[in-house]
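For reference, the structure discussed in these notes is given below.
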Amino acid sequence: MSAATQAPAFPAEVAHWRDEYESFRAGLRAEEPEWVRGLRAAGIRAFEEAGFPTTRLEDWRHTSVSAIARTRFARPSPSIARPVRGRPLEGRQLVFVNGRYAPELSSAPAPEGVQVRSLREVLDRQPELVQPYLDRQASGPGRPFVALNSAFLDDGACISVAANAVVTDPIQIAFLSASGTDGPTASHPRVLIVAGRGSQATVVESYDGAAGAVYLTNAVTEVALEDGAILDHYRVQRESATAFHVGSLCVTQGRASRFTSHAIALGASLSRLDLRQVFAGEGGECVLDGLFLAGDSQHTDIHTWVDHAQPHCTTRELYKGIVDGRARGVFVGRILVRAGAQKTDAIQTNKNLILSREALVDSLPQLEILADDVKCKHGSTTGQLDPLALFYLRSRGIGEEAARALLTYAFASEVVQRIGVEALRADLTEHLQRRLPGPPEIKEATV
Amino acid sequence: MLEVRDLHASVNGHAILKGVDLAVKKGEVHAIMGPNGSGKSTLAHVLAGRPGYEVTRGEVLYRGRDLLTMSPEERAREGVFLAFQYPVEIAGVSNVYFLKAAVNAVRKHRGQPELDAIDFLGLVKEKAKVVDMDESLVKRPVNEGFSGGEKKRNEIFQMAVLDPSLAILDETDSGLDIDALRTVANGVNQLRSPERAMVLVTHYQRLLDYIVPDVVHVLVDGRIVKSGGKDLALELEKKGYEWLEAPAGPR
């Protein structure tokens, strides 16, 4: 990335974060291990070098973060760490408020074979447990938000699934945010998921915020699947409409492991998710599903990188976006098939539905294939509702508004129906019914 | 039931219908035949109100009312049904709920109470028999993954459920093997009634062996150039359309 050679953009804004970092560091316990402090120091250094990304950078060409850069986010003081609304999910879960573990709101999931703890607790008591995994994947050149997250490394969730454990109940972690009385706040939650050899589990990660709150969630999740592990990962972003959300999901897959991601983005005025996946062993399988819904002037961006570094791996990627109002959606999906990654089987699909004249989607599916014995395919469609399908429905007596609603809802349902956690599917269905235009009764018609 | 007078219509600026006159009484079955590109399907779609099919002249009266000012959904609710030549696949929408929404939209329009799930499923079971429709298809997304024959059956099944006064069947026979054709035709015959008018648009005479029309019209270059009894279809089968293709006279 050439940015490092230039003076970073937004110098005053970057300096603000150095000040925040210094005051954060001063408040930390002295007995933390050196490597944790080193990780933070490296984080702030990397962030200062890179600065906030500008749209001159290829990875940020479609998304300007100047609104984030210009906002003086403060660290949330513990006094405002109180519930902002009811628990976002049913059942046992770890709840975080403004990035900090809230034991009073939590009922730690404790199914057999899995440990679910706050990162703060692990760092305080057994930091050696996370040392082999923390920041082994997330950092890298051109990732200033990951660097910033590392600089403020403090709390988050640690999930460790024991080898061969089969965990049927979803493991839920919920991040809630509210703005402070003194203005916008920022949190930098870190999630670490280690799926042991031959294990099987489901993790639901959700991000919610109080209506009207202005804040930044800068989240990083690192997932390591050991050989033969199966992990279903859900990431549901329902931040307040005035919030900023930047997230990274970094996944390493061991031999013959299977990772399924469902990335749902519904909230925030500006939302960006970077999903970076790498096959570190042969015979892995990766399923990436996603849905975003953006209305008004929301901006939602998803970038995915899938790295077929090993042979005999399979990827199935399906992202769908619906934009309305003056919203903008971005999908950039890159699949790299390295030399030697023979028998790769990858399909990438991106479909976008544009509901209004002023809404816009940029879709850039990219395949880079350096091996010669592979099966790869990608496709992208962006457009309005199919006029012939509309006419077909209307010719059966269904009104135009209802027909539009039905088709819009059906468009989303392909992704929704693939959600295996029933409560989440119901929740999302309800959300879509509320957000999408049209009379409610028509929506029961979808499958 | 239906009166078409001097109907002119164009699609994307191309004049397709150039003065169609047609009168169909209730209880009658009319067949409209003609070579490719003569405007048969355009006529069917204009009657159903397809957006983009622009009527440039003439009028259409349906039960004495101006059909052309009604939206497609109003026409459907008033009892007009078009069986599509190419039924549209709609992923994510189940056939059965789609049809329930349609039936209830029609019932609401007629001032009838909406059907609940149980009554509706009873109706579906009964009408599925008309075309030997496999009930598993009823639950699948609309037309998605259906074979050609299954799609056409689904159209007639929908027609049976919606119980229209005027049914327009656009090349319902095309692409069907003889068994499927018999099934579909048998379904259509069961739906013939003194209260219902039907317009069959077809390219081939074959369909008319199974659904015997009262009147046969020949549409050539956007006009009906000849009308007659069911024997006209047999004559067309023997002679082709060429002998009719010279316009019958200035209009």
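We label chains A, B, ... in the order they appear in the structure tokens, count residues from 1 in each chain, and number ligands from 1 in the order shown.
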
Give as a PyMOL selection string every residue of chain A that touches chain B within 10 Å, counting only C-alpha atoms.
-> chain A and resi 386-400+402-403+406-415+417+441-447

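The shell of residues at most 6 Å from Ser106 of chain A, with only C-alpha atoms counted and near chain neighbours (fewer than 2 positions) removed, consists of Gln93, Leu94, Val95, Pro103, Glu104 and Ala108 of chain A.
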
Could you write out that same residue set with C-alpha atoms as an mmCIF file, in the first residue's frame?
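Once everything was written out, this is part-v4.cif:
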```
data_model
loop_
_atom_site.group_PDB
_atom_site.id
_atom_site.type_symbol
_atom_site.label_atom_id
_atom_site.label_comp_id
_atom_site.auth_asym_id
_atom_site.auth_seq_id
_atom_site.Cartn_x
_atom_site.Cartn_y
_atom_site.Cartn_z
ATOM 1 C CA GLN A 93 -25.549 -14.351 26.205
ATOM 2 C CA LEU A 94 -22.569 -12.204 26.955
ATOM 3 C CA VAL A 95 -23.574 -8.538 26.846
ATOM 4 C CA PRO A 103 -21.960 -8.907 33.853
ATOM 5 C CA GLU A 104 -25.222 -7.595 35.303
ATOM 6 C CA ALA A 108 -22.755 -16.381 30.339
#
```

Please run DSSP on the backbone and report, as JSON, numbers by chain, all residues within segment 78-265 of chain A that come out as strand (DSSP E or B).
-> {"A": [93, 94, 95, 96, 97, 100, 101, 107, 114, 115, 116, 117, 118, 156, 157, 158, 159, 160, 161, 166, 171, 172, 173, 174, 175, 176, 177, 180, 183, 185, 186, 187, 190, 191, 192, 193, 194, 195, 200, 201, 202, 203, 204, 205, 206, 207, 208, 209, 215, 216, 217, 218, 219, 220, 221, 222, 223, 224, 225, 230, 231, 232, 233, 234, 235, 236, 237, 238, 244, 245, 246, 247, 248, 249, 250, 251, 252, 253, 258, 259, 260, 261, 262, 263, 264, 265]}

Please give the complete set of residues from segment 227-393 of chain A that DSSP, run on the backbone, assigns to helix (DSSP H, G or I), formatted as a list in words.
-> Pro387, Leu388, Ala389, Leu390, Phe391, Tyr392 and Leu393 of chain A

Excluding segment 253-266 of chain A and any residue of its chain fewer than 4 positions from it, enumerate the residues within 9 Å of it, using only C-alpha atoms, and give them as a ChimeraX atom specification.
-> /A:197-198,223-239,271-273,277-294,300,313,319,415,418-419,431

Write the residues of the selection above to a file with C-alpha atoms, as a PDB file, in the first residue's frame.
```pdb
ATOM      1  CA  ARG A 197     -10.243 -29.688  16.089  1.00  0.00           C
ATOM      2  CA  GLY A 198     -13.392 -31.519  14.992  1.00  0.00           C
ATOM      3  CA  VAL A 223     -11.739 -16.731  14.033  1.00  0.00           C
ATOM      4  CA  ALA A 224      -9.486 -19.752  13.925  1.00  0.00           C
ATOM      5  CA  LEU A 225     -10.950 -23.049  12.783  1.00  0.00           C
ATOM      6  CA  GLU A 226      -8.721 -25.948  13.555  1.00  0.00           C
ATOM      7  CA  ASP A 227      -8.731 -29.062  11.389  1.00  0.00           C
ATOM      8  CA  GLY A 228     -12.199 -30.481  10.824  1.00  0.00           C
ATOM      9  CA  ALA A 229     -13.970 -27.768  12.822  1.00  0.00           C
ATOM     10  CA  ILE A 230     -17.414 -26.579  11.804  1.00  0.00           C
ATOM     11  CA  LEU A 231     -18.491 -23.081  12.725  1.00  0.00           C
ATOM     12  CA  ASP A 232     -21.624 -21.144  11.828  1.00  0.00           C
ATOM     13  CA  HIS A 233     -21.033 -17.481  12.407  1.00  0.00           C
ATOM     14  CA  TYR A 234     -23.723 -14.809  12.432  1.00  0.00           C
ATOM     15  CA  ARG A 235     -22.922 -11.153  12.437  1.00  0.00           C
ATOM     16  CA  VAL A 236     -25.934  -8.886  12.812  1.00  0.00           C
ATOM     17  CA  GLN A 237     -25.307  -5.161  12.595  1.00  0.00           C
ATOM     18  CA  ARG A 238     -28.327  -3.149  13.765  1.00  0.00           C
ATOM     19  CA  GLU A 239     -26.591  -0.015  15.023  1.00  0.00           C
ATOM     20  CA  SER A 271     -21.169   0.792   7.816  1.00  0.00           C
ATOM     21  CA  ARG A 272     -18.212  -1.130   6.539  1.00  0.00           C
ATOM     22  CA  LEU A 273     -17.295  -4.768   6.946  1.00  0.00           C
ATOM     23  CA  GLN A 277     -10.770 -15.503   4.968  1.00  0.00           C
ATOM     24  CA  VAL A 278      -7.892 -17.834   4.226  1.00  0.00           C
ATOM     25  CA  PHE A 279      -7.755 -21.563   3.629  1.00  0.00           C
ATOM     26  CA  ALA A 280      -4.687 -22.677   5.541  1.00  0.00           C
ATOM     27  CA  GLY A 281      -5.321 -26.370   4.936  1.00  0.00           C
ATOM     28  CA  GLU A 282      -6.708 -28.575   2.178  1.00  0.00           C
ATOM     29  CA  GLY A 283     -10.319 -29.543   1.667  1.00  0.00           C
ATOM     30  CA  GLY A 284     -11.914 -26.645   3.498  1.00  0.00           C
ATOM     31  CA  GLU A 285     -15.352 -25.300   2.780  1.00  0.00           C
ATOM     32  CA  CYS A 286     -16.455 -21.718   3.172  1.00  0.00           C
ATOM     33  CA  VAL A 287     -19.974 -20.372   2.786  1.00  0.00           C
ATOM     34  CA  LEU A 288     -20.405 -16.616   2.883  1.00  0.00           C
ATOM     35  CA  ASP A 289     -23.947 -15.294   2.960  1.00  0.00           C
ATOM     36  CA  GLY A 290     -24.828 -11.687   3.390  1.00  0.00           C
ATOM     37  CA  LEU A 291     -27.659  -9.224   3.232  1.00  0.00           C
ATOM     38  CA  PHE A 292     -27.669  -5.490   3.587  1.00  0.00           C
ATOM     39  CA  LEU A 293     -30.555  -3.124   3.689  1.00  0.00           C
ATOM     40  CA  ALA A 294     -29.846   0.583   3.310  1.00  0.00           C
ATOM     41  CA  THR A 300     -23.189   0.246   3.586  1.00  0.00           C
ATOM     42  CA  CYS A 313     -11.293 -26.047  -1.123  1.00  0.00           C
ATOM     43  CA  TYR A 319     -24.416 -11.384  -0.981  1.00  0.00           C
ATOM     44  CA  VAL A 415     -30.652 -15.096   2.508  1.00  0.00           C
ATOM     45  CA  ARG A 418     -30.692 -19.763   5.171  1.00  0.00           C
ATOM     46  CA  ILE A 419     -30.398 -18.534   8.725  1.00  0.00           C
ATOM     47  CA  HIS A 431     -37.224  -6.217  11.001  1.00  0.00           C
TER      48      HIS A 431
END
```

Atom CA of Arg56 of chain A to atom CA of Trp305 of chain A: how many Å, to one decimal?
-> 19.7 Å

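For Asp221 of chain B, the list of residues within 8 Å, based on only C-alpha atoms and with local chain neighbours fewer than 3 positions off taken out, reads Ile16, Leu17, Lys18, Gly37, Ser38, Gly39 and Glu245 of chain B.
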
Would you mind listing what lies within 12 Å of Leu148 of chain A as a count of residues only, with only C-alpha atoms counted and same-chain residues fewer than 2 positions away left out?
-> 45

Identify, on the basis of only C-alpha atoms, every residue whose closest approach to Arg100 of chain A does not exceed 9 Å; exclude the query and any residue fewer than 6 positions from it along the same chain; express the result as a count of residues only.
-> 10

Polymer residues at most 9 Å from Asp231 of chain B, only C-alpha atoms, same-chain spacing of 4 or more positions, as an MDAnalysis selection string = chainID B and resid 216 235:236
